[in-house]
Each structure stands twice: as structure tokens, then as C-alpha cells.
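**Student:** Have a peek at structure16.cif (mmCIF, C-alpha atoms).
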data_entry
#
loop_
_atom_site.label_atom_id
_atom_site.label_comp_id
_atom_site.auth_asym_id
_atom_site.auth_seq_id
_atom_site.Cartn_x
_atom_site.Cartn_y
_atom_site.Cartn_z
CA MET C 1 -9.99 4.52 19.29
CA SER C 2 -10.05 5.03 15.53
CA ALA C 3 -12.63 3.42 13.31
CA VAL C 4 -11.73 -0.12 12.29
CA LEU C 5 -9.86 -0.29 8.99
CA THR C 6 -12.00 -1.58 6.12
CA VAL C 7 -10.70 -4.33 3.84
CA ASN C 8 -12.41 -4.94 0.50
CA SER C 9 -12.01 -7.87 -1.89
CA TYR C 10 -12.69 -7.97 -5.62
CA PHE C 11 -12.41 -10.42 -8.50
CA ASN C 12 -12.76 -13.57 -6.40
CA ASP C 13 -10.21 -12.29 -3.85
CA GLN C 14 -7.55 -11.63 -6.52
CA VAL C 15 -7.58 -7.92 -5.61
CA LYS C 16 -7.76 -6.73 -2.01
CA SER C 17 -7.54 -3.23 -0.59
CA ILE C 18 -7.55 -1.33 2.70
CA ALA C 19 -9.24 2.07 2.88
CA LEU C 20 -7.74 5.17 4.47
CA ASP C 21 -8.61 8.84 4.99
CA ASN C 22 -5.87 11.33 5.82
CA LYS C 23 -4.55 14.78 4.87
CA GLU C 24 -3.91 13.57 1.31
CA GLY C 25 -7.60 12.65 0.94
CA THR C 26 -9.45 9.37 0.56
CA SER C 27 -7.46 6.44 -0.78
CA THR C 28 -7.08 2.69 -0.77
CA VAL C 29 -3.87 0.72 -0.75
CA GLY C 30 -4.17 -2.71 -2.23
CA VAL C 31 -2.62 -5.68 -3.93
CA MET C 32 -3.49 -7.24 -7.29
CA ALA C 33 -2.60 -10.87 -7.90
CA ILE C 34 -1.36 -11.91 -11.35
CA GLY C 35 -4.26 -11.67 -13.80
CA GLU C 36 -6.32 -9.34 -16.00
CA TYR C 37 -8.96 -7.04 -14.61
CA GLU C 38 -11.46 -4.43 -15.78
CA PHE C 39 -12.14 -1.68 -13.25
CA GLY C 40 -14.85 0.95 -13.28
CA THR C 41 -14.50 4.35 -11.62
CA SER C 42 -17.15 6.35 -9.79
CA GLN C 43 -14.74 9.21 -8.97
CA ARG C 44 -11.51 10.44 -10.53
CA GLU C 45 -8.75 7.99 -9.52
CA TYR C 46 -5.04 8.69 -9.11
CA MET C 47 -3.40 5.28 -9.30
CA THR C 48 0.23 4.93 -8.18
CA VAL C 49 2.25 1.72 -8.42
CA VAL C 50 3.79 1.02 -4.99
CA SER C 51 5.58 -2.26 -5.84
CA GLY C 52 5.48 -4.27 -9.05
CA ALA C 53 4.02 -3.12 -12.38
CA LEU C 54 0.64 -2.52 -14.01
CA THR C 55 0.05 -2.70 -17.75
CA VAL C 56 -2.95 -0.51 -18.43
CA LYS C 57 -5.28 0.34 -21.28
CA LEU C 58 -6.76 3.71 -20.35
CA PRO C 59 -10.33 4.61 -21.42
CA ALA C 60 -9.29 6.88 -24.29
CA SER C 61 -6.42 4.67 -25.44
CA ASP C 62 -6.04 1.81 -27.88
CA THR C 63 -2.61 0.92 -26.55
CA TRP C 64 -1.31 -0.74 -23.40
CA ASP C 65 1.17 1.20 -21.27
CA THR C 66 3.22 -0.25 -18.44
CA PHE C 67 3.52 1.70 -15.18
CA LEU C 68 6.35 0.81 -12.80
CA LYS C 69 7.00 1.45 -9.11
CA GLY C 70 6.42 5.15 -8.42
CA ASP C 71 4.55 5.79 -11.68
CA MET C 72 1.05 7.30 -11.54
CA PHE C 73 -1.88 7.43 -13.95
CA ILE C 74 -5.26 9.16 -13.73
CA VAL C 75 -8.65 7.78 -14.68
CA GLU C 76 -11.65 10.13 -14.82
CA ALA C 77 -14.96 9.31 -13.10
CA ASN C 78 -17.45 6.93 -14.71
CA GLN C 79 -14.89 5.25 -16.94
CA SER C 80 -13.63 1.72 -17.22
CA PHE C 81 -10.04 0.69 -17.75
CA ASN C 82 -8.21 -2.59 -18.21
CA VAL C 83 -5.20 -3.81 -16.27
CA LYS C 84 -2.83 -6.70 -16.93
CA VAL C 85 -0.79 -7.78 -13.89
CA GLU C 86 2.25 -9.93 -14.65
CA GLU C 87 3.69 -9.90 -11.11
CA THR C 88 1.81 -9.37 -7.87
CA THR C 89 1.52 -5.60 -7.53
CA ALA C 90 0.78 -3.14 -4.73
CA TYR C 91 -0.91 0.17 -5.54
CA LEU C 92 -2.22 3.35 -3.96
CA CYS C 93 -5.49 4.63 -5.38
CA ARG C 94 -6.53 8.14 -4.35
CA TYR C 95 -10.09 9.28 -5.09
CA GLU C 96 -11.20 12.83 -5.86
CA MET B 1 -5.28 -18.81 -10.55
CA SER B 2 -2.91 -17.16 -8.11
CA ALA B 3 -2.92 -17.94 -4.42
CA VAL B 4 -5.43 -15.94 -2.42
CA LEU B 5 -3.99 -12.72 -0.99
CA THR B 6 -3.38 -12.86 2.76
CA VAL B 7 -4.64 -10.07 5.02
CA ASN B 8 -3.25 -9.75 8.55
CA SER B 9 -4.53 -7.63 11.44
CA TYR B 10 -2.60 -6.36 14.46
CA PHE B 11 -3.21 -4.20 17.52
CA ASN B 12 -6.93 -4.88 17.79
CA ASP B 13 -7.41 -4.24 14.02
CA GLN B 14 -5.73 -0.81 14.19
CA VAL B 15 -3.05 -2.05 11.75
CA LYS B 16 -3.91 -4.21 8.74
CA SER B 17 -1.70 -5.45 5.93
CA ILE B 18 -1.81 -7.44 2.70
CA ALA B 19 1.15 -9.68 1.77
CA LEU B 20 2.80 -9.83 -1.65
CA ASP B 21 5.72 -11.55 -3.33
CA ASN B 22 7.13 -10.15 -6.55
CA LYS B 23 10.42 -9.27 -8.28
CA GLU B 24 11.20 -6.75 -5.53
CA GLY B 25 10.96 -9.50 -2.90
CA THR B 26 8.56 -10.22 -0.05
CA SER B 27 6.57 -7.27 1.27
CA THR B 28 3.38 -6.18 2.91
CA VAL B 29 1.37 -3.07 2.20
CA GLY B 30 -0.74 -1.90 5.05
CA VAL B 31 -2.49 0.86 6.88
CA MET B 32 -1.98 2.08 10.45
CA ALA B 33 -4.83 3.90 12.19
CA ILE B 34 -4.03 6.84 14.46
CA GLY B 35 -2.26 5.54 17.57
CA GLU B 36 1.04 4.40 19.05
CA TYR B 37 2.52 1.00 18.34
CA GLU B 38 5.58 -1.07 19.18
CA PHE B 39 6.65 -3.46 16.43
CA GLY B 40 9.17 -6.30 16.58
CA THR B 41 11.15 -7.50 13.56
CA SER B 42 12.14 -11.04 12.66
CA GLN B 43 13.91 -9.98 9.45
CA ARG B 44 15.45 -6.73 8.26
CA GLU B 45 12.59 -4.41 7.30
CA TYR B 46 12.61 -1.60 4.75
CA MET B 47 9.65 0.58 5.69
CA THR B 48 8.43 3.19 3.19
CA VAL B 49 5.63 5.67 3.86
CA VAL B 50 3.10 5.43 1.01
CA SER B 51 0.60 8.04 2.26
CA GLY B 52 0.59 9.95 5.54
CA ALA B 53 3.44 10.11 8.06
CA LEU B 54 5.11 7.92 10.68
CA THR B 55 6.97 9.29 13.69
CA VAL B 56 9.47 6.63 14.67
CA LYS B 57 11.90 5.87 17.47
CA LEU B 58 14.39 3.47 15.94
CA PRO B 59 16.05 0.79 18.12
CA ALA B 60 19.38 2.60 18.45
CA SER B 61 17.86 6.05 18.85
CA ASP B 62 16.66 8.15 21.76
CA THR B 63 14.88 10.59 19.46
CA TRP B 64 11.72 10.51 17.40
CA ASP B 65 12.01 11.15 13.66
CA THR B 66 9.11 11.81 11.31
CA PHE B 67 9.02 10.07 7.93
CA LEU B 68 6.75 11.49 5.23
CA LYS B 69 5.31 10.09 1.99
CA GLY B 70 8.14 8.50 0.01
CA ASP B 71 10.57 8.38 2.95
CA MET B 72 12.12 5.05 3.95
CA PHE B 73 13.76 3.72 7.10
CA ILE B 74 15.44 0.39 7.84
CA VAL B 75 15.09 -1.74 10.97
CA GLU B 76 17.43 -4.69 11.47
CA ALA B 77 16.17 -8.17 12.41
CA ASN B 78 15.20 -9.00 15.99
CA GLN B 79 14.72 -5.40 17.05
CA SER B 80 11.76 -3.48 18.30
CA PHE B 81 10.81 0.03 17.32
CA ASN B 82 8.09 2.48 18.29
CA VAL B 83 5.76 4.33 15.96
CA LYS B 84 3.41 7.27 16.59
CA VAL B 85 0.74 7.72 13.93
CA GLU B 86 -0.98 11.11 13.92
CA GLU B 87 -2.93 10.59 10.68
CA THR B 88 -4.00 7.30 9.13
CA THR B 89 -0.96 6.12 7.19
CA ALA B 90 -0.27 3.62 4.43
CA TYR B 91 3.12 1.90 4.26
CA LEU B 92 5.12 -0.64 2.28
CA CYS B 93 7.28 -2.99 4.35
CA ARG B 94 9.82 -5.08 2.45
CA TYR B 95 11.50 -7.99 4.27
CA GLU B 96 15.01 -9.26 3.67
#
Could you quickly redo this structure as C-alpha cells?

**Tutor:**
Amino acid sequence: MSAVLTVNSYFNDQVKSIALDNKEGTSTVGVMAIGEYEFGTSQREYMTVVSGALTVKLPASDTWDTFLKGDMFIVEANQSFNVKVEETTAYLCRYE
Amino acid sequence: MSAVLTVNSYFNDQVKSIALDNKEGTSTVGVMAIGEYEFGTSQREYMTVVSGALTVKLPASDTWDTFLKGDMFIVEANQSFNVKVEETTAYLCRYE
């Protein structure tokens, strides 16, 4: 039997994710409820929108960019970035 | 504040999912651990592989087909289908 799948919750349960390890690497898939969040990274993150949209201010940016289903953005390790979520959104976050 | 995100577990916690409603409709994102599963549908399901691979025997089929990252298959309502998971796999399931 495989290890039990780990679910994590953040921001008072407004963001939840499930961890996975496979050939692609180590990732989480998760859902963000409508709201605004500031995330910190400990590794490089490859964030892909799976359903919905994320409006993001990346660490080196003064502007907000909107990423739609299928779009991906990268955040380096030890950075923080801001996300506005205007509809409930599913994402895949791969760590490197 | 948005409603709390709902997490569901199936098959002795070997499959877990998080529900979401957005402009695309009603979906779950989830993870399947390595194993074999038989799922039943109550609505039409649009299943997309988000990371990993699913080997599937669809209701009308005698053969197994493998769906990779980005691939999608449809299962009509009130059907059952079989899935073999050879690496931990993330999916998006949209209901209609």
C-alpha cells in the first residue's frame, strides 16, 4: 500500500493542497478560495493554473499579471509573491 | 470569507480530492496513489491528467488506454470505469 496522501491547509483553510511525488518530481495540487494571499517559497516553484485564474505580483515585479488555465509562472527559492484570486482556482505547484 | 474548501477521501485514503466551483463549472482536483480503482459516475465527467498518468478501461471498451499529462477522457453519467495508476497522479475532474 502506498503512503497516505498528505493534505495541507493554509490561510484559515482558504487554500488546501494535496502532495504528490512522481516522475515529474515533487508537487502539490491545490485549490485557492477567492481572496488575496502572500506566499513564501523555500524552493523554486513552477506554478501552473489548472482551472480558474491567478493574478500575481512576482517578487521582481511592480505589476500584477493574470495567469489563466494552462499558464505557468516560476518563483525562485526564498522569495515571496502575492496572489489575488477572483474565482476559486486549482493549481499545480512543482518544487525543484 | 468564502466557504471552506471540501476535501474528500476514497479507497482507504488512496484517492483524495478538493472540490471547487468556478466559471468553468464544478470540478474536483485530486491525487490518486499507486493502485487500481473502479469509479462510478453520477454525472458526465471530464477527466484530465494534471501530473502523472492514468491507464483506463472506459465503460464501452475492452482495452486499456493510457492518458498522460494534459490528456482528457470523458465518462458518461451512471457508468463505471477502471483505472490503473502506476505513478502517483494528479487529476482534474469536471462534472456536467

**Student:** Would you give me, as a Markdown table, each residue of chain C having an atom within 9 Å of an atom of chain B, along with its shortest atom pair and that distance in Å to one decimal, using all atoms listed in the file and sorting by chain and residue number?

**Tutor:**
| residue | atom | partner | partner_atom | distance |
| --- | --- | --- | --- | --- |
| C:Met1 | CA | B:Gly35 | CA | 8.0 |
| C:Ser2 | CA | B:Ala33 | CA | 6.3 |
| C:Ala3 | CA | B:Ala33 | CA | 7.9 |
| C:Val4 | CA | B:Asp13 | CA | 6.2 |
| C:Leu5 | CA | B:Gln14 | CA | 6.7 |
| C:Thr6 | CA | B:Lys16 | CA | 8.9 |
| C:Val7 | CA | B:Lys16 | CA | 8.4 |
| C:Asn12 | CA | B:Val4 | CA | 8.7 |
| C:Asp13 | CA | B:Val4 | CA | 6.2 |
| C:Gln14 | CA | B:Val4 | CA | 6.3 |
| C:Val15 | CA | B:Leu5 | CA | 7.6 |
| C:Lys16 | CA | B:Leu5 | CA | 7.2 |
| C:Ser17 | CA | B:Ile18 | CA | 7.8 |
| C:Ile18 | CA | B:Val31 | CA | 6.9 |
| C:Ala19 | CA | B:Val31 | CA | 7.9 |
| C:Leu20 | CA | B:Thr88 | CA | 6.3 |
| C:Asp21 | CA | B:Thr88 | CA | 6.4 |
| C:Asn22 | CA | B:Thr88 | CA | 5.5 |
| C:Lys23 | CA | B:Gly52 | CA | 7.1 |
| C:Glu24 | CA | B:Gly52 | CA | 7.2 |
| C:Ser27 | CA | B:Ser51 | CA | 8.8 |
| C:Thr28 | CA | B:Ala90 | CA | 8.6 |
| C:Val29 | CA | B:Ala90 | CA | 6.9 |
| C:Gly30 | CA | B:Val29 | CA | 7.1 |
| C:Val31 | CA | B:Ile18 | CA | 6.9 |
| C:Met32 | CA | B:Leu5 | CA | 8.4 |
| C:Ala33 | CA | B:Ser2 | CA | 6.3 |
| C:Ile34 | CA | B:Ser2 | CA | 6.4 |
| C:Gly35 | CA | B:Met1 | CA | 7.9 |
| C:Val50 | CA | B:Val50 | CA | 7.5 |
| C:Ser51 | CA | B:Glu24 | CA | 7.2 |
| C:Gly52 | CA | B:Asn22 | CA | 6.6 |
| C:Glu87 | CA | B:Asn22 | CA | 5.7 |
| C:Thr88 | CA | B:Asn22 | CA | 5.5 |
| C:Thr89 | CA | B:Asn22 | CA | 7.3 |
| C:Ala90 | CA | B:Val29 | CA | 7.0 |
| C:Tyr91 | CA | B:Val29 | CA | 8.7 |
| C:Leu92 | CA | B:Val50 | CA | 7.6 |

**Student:** Return chain B as a compact mmCIF listing (two decimals) with C-alpha atoms, in the frame of the given file, after superposing it on chain C by a least-squares fit that covers all C-alpha atoms paired in order.

**Tutor:**
# COMPACT_ATOMS: atom_id res chain seq x y z
CA MET B 1 -9.93 4.55 19.33
CA SER B 2 -10.04 5.02 15.58
CA ALA B 3 -12.62 3.37 13.39
CA VAL B 4 -11.73 -0.15 12.32
CA LEU B 5 -9.89 -0.29 9.00
CA THR B 6 -12.02 -1.58 6.12
CA VAL B 7 -10.71 -4.32 3.84
CA ASN B 8 -12.42 -4.94 0.49
CA SER B 9 -12.01 -7.87 -1.90
CA TYR B 10 -12.69 -7.98 -5.64
CA PHE B 11 -12.40 -10.43 -8.51
CA ASN B 12 -12.76 -13.58 -6.43
CA ASP B 13 -10.20 -12.27 -3.86
CA GLN B 14 -7.55 -11.64 -6.53
CA VAL B 15 -7.58 -7.92 -5.62
CA LYS B 16 -7.76 -6.73 -2.01
CA SER B 17 -7.55 -3.23 -0.59
CA ILE B 18 -7.54 -1.33 2.70
CA ALA B 19 -9.24 2.09 2.90
CA LEU B 20 -7.74 5.20 4.50
CA ASP B 21 -8.60 8.85 4.99
CA ASN B 22 -5.87 11.33 5.82
CA LYS B 23 -4.54 14.78 4.88
CA GLU B 24 -3.91 13.58 1.32
CA GLY B 25 -7.59 12.66 0.95
CA THR B 26 -9.46 9.38 0.57
CA SER B 27 -7.46 6.44 -0.76
CA THR B 28 -7.08 2.71 -0.78
CA VAL B 29 -3.88 0.71 -0.75
CA GLY B 30 -4.18 -2.71 -2.22
CA VAL B 31 -2.63 -5.66 -3.93
CA MET B 32 -3.50 -7.22 -7.29
CA ALA B 33 -2.60 -10.86 -7.91
CA ILE B 34 -1.37 -11.90 -11.35
CA GLY B 35 -4.26 -11.65 -13.81
CA GLU B 36 -6.31 -9.35 -16.01
CA TYR B 37 -8.97 -7.05 -14.62
CA GLU B 38 -11.45 -4.44 -15.79
CA PHE B 39 -12.15 -1.69 -13.26
CA GLY B 40 -14.87 0.95 -13.29
CA THR B 41 -14.50 4.35 -11.63
CA SER B 42 -17.13 6.36 -9.78
CA GLN B 43 -14.73 9.21 -8.98
CA ARG B 44 -11.50 10.43 -10.54
CA GLU B 45 -8.76 8.00 -9.52
CA TYR B 46 -5.05 8.69 -9.12
CA MET B 47 -3.41 5.27 -9.30
CA THR B 48 0.23 4.93 -8.19
CA VAL B 49 2.25 1.72 -8.41
CA VAL B 50 3.78 1.01 -4.98
CA SER B 51 5.58 -2.25 -5.83
CA GLY B 52 5.48 -4.26 -9.05
CA ALA B 53 4.03 -3.11 -12.38
CA LEU B 54 0.65 -2.52 -14.01
CA THR B 55 0.06 -2.70 -17.75
CA VAL B 56 -2.95 -0.51 -18.44
CA LYS B 57 -5.28 0.33 -21.29
CA LEU B 58 -6.76 3.68 -20.35
CA PRO B 59 -10.33 4.57 -21.43
CA ALA B 60 -9.28 6.86 -24.28
CA SER B 61 -6.42 4.67 -25.45
CA ASP B 62 -6.05 1.80 -27.89
CA THR B 63 -2.61 0.91 -26.55
CA TRP B 64 -1.30 -0.74 -23.42
CA ASP B 65 1.17 1.20 -21.27
CA THR B 66 3.23 -0.24 -18.44
CA PHE B 67 3.53 1.69 -15.18
CA LEU B 68 6.36 0.80 -12.80
CA LYS B 69 7.00 1.45 -9.10
CA GLY B 70 6.42 5.15 -8.42
CA ASP B 71 4.55 5.79 -11.68
CA MET B 72 1.05 7.30 -11.56
CA PHE B 73 -1.87 7.42 -13.96
CA ILE B 74 -5.24 9.17 -13.73
CA VAL B 75 -8.65 7.78 -14.69
CA GLU B 76 -11.63 10.12 -14.82
CA ALA B 77 -14.95 9.31 -13.12
CA ASN B 78 -17.43 6.91 -14.70
CA GLN B 79 -14.89 5.24 -16.96
CA SER B 80 -13.63 1.73 -17.22
CA PHE B 81 -10.05 0.68 -17.76
CA ASN B 82 -8.22 -2.60 -18.22
CA VAL B 83 -5.21 -3.82 -16.28
CA LYS B 84 -2.83 -6.72 -16.93
CA VAL B 85 -0.80 -7.78 -13.90
CA GLU B 86 2.24 -9.93 -14.65
CA GLU B 87 3.68 -9.89 -11.12
CA THR B 88 1.80 -9.36 -7.87
CA THR B 89 1.52 -5.59 -7.52
CA ALA B 90 0.78 -3.14 -4.73
CA TYR B 91 -0.91 0.17 -5.54
CA LEU B 92 -2.23 3.35 -3.95
CA CYS B 93 -5.50 4.65 -5.38
CA ARG B 94 -6.53 8.16 -4.35
CA TYR B 95 -10.11 9.30 -5.08
CA GLU B 96 -11.21 12.83 -5.87

**Student:** Using the file's own x, y and z axes, what box holds all listed atoms of range 41-55 of chain C with 8 Å on each side, keeping edges along x, y and z, and what are its centre and edge lengths in Å to one decimal, as AutoDock Vina command-line options?

**Tutor:**
--center_x -5.8 --center_y 3.1 --center_z -11.4 --size_x 38.7 --size_y 30.7 --size_z 28.8

**Student:** Taking all atoms listed in the file into account, which of C:Val85, C:Val75, C:Trp64, C:Glu96 comes nearest Thr41 in chain C?

**Tutor:**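 Closest to Thr41 in chain C, using all atoms listed in the file: C:Val75.
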
**Student:** Find the distance between CA of Gln79 in chain B and CA of Gly40 in chain B and write it in Å to one decimal.

**Tutor:**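 It comes out at 5.6 Å.
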
**Student:** For Ala77 in chain C, list every protein, DNA or RNA residue within 12 Å, evaluated using only C-alpha atoms, and leave out those in the same chain fewer than 6 positions away; present the list as a ChimeraX atom specification.

**Tutor:** /C:39-46,59,95-96

**Student:** Compare B:Asp71, B:Asn78, B:Phe11, B:Val83 by their minimum atom-to-atom distance to Leu54 in chain B, counting all atoms listed in the file, and give me the closest one.

**Tutor:** B:Val83

**Student:** When you draw a straight line from CA of Tyr10 in chain C to CA of Tyr37 in chain C, how long is it in Å?

**Tutor:**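 Interatomic distance here is 9.8 Å.
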
**Student:** Provide the CA of Thr63 in chain B to CA of Met47 in chain B distance in Å, to one decimal place.

**Tutor:**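 Interatomic distance here is 17.8 Å.
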
**Student:** I need the output of the PyMOL selection byres ((chain C and resi 56) around 7) for this file as a list in words; which residues are they?

**Tutor:**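 That expression, the PyMOL selection byres ((chain C and resi 56) around 7), corresponds here to Leu54, Thr55, Lys57, Leu58, Trp64, Asp65, Thr66, Asn82, Val83 and Lys84 of chain C.
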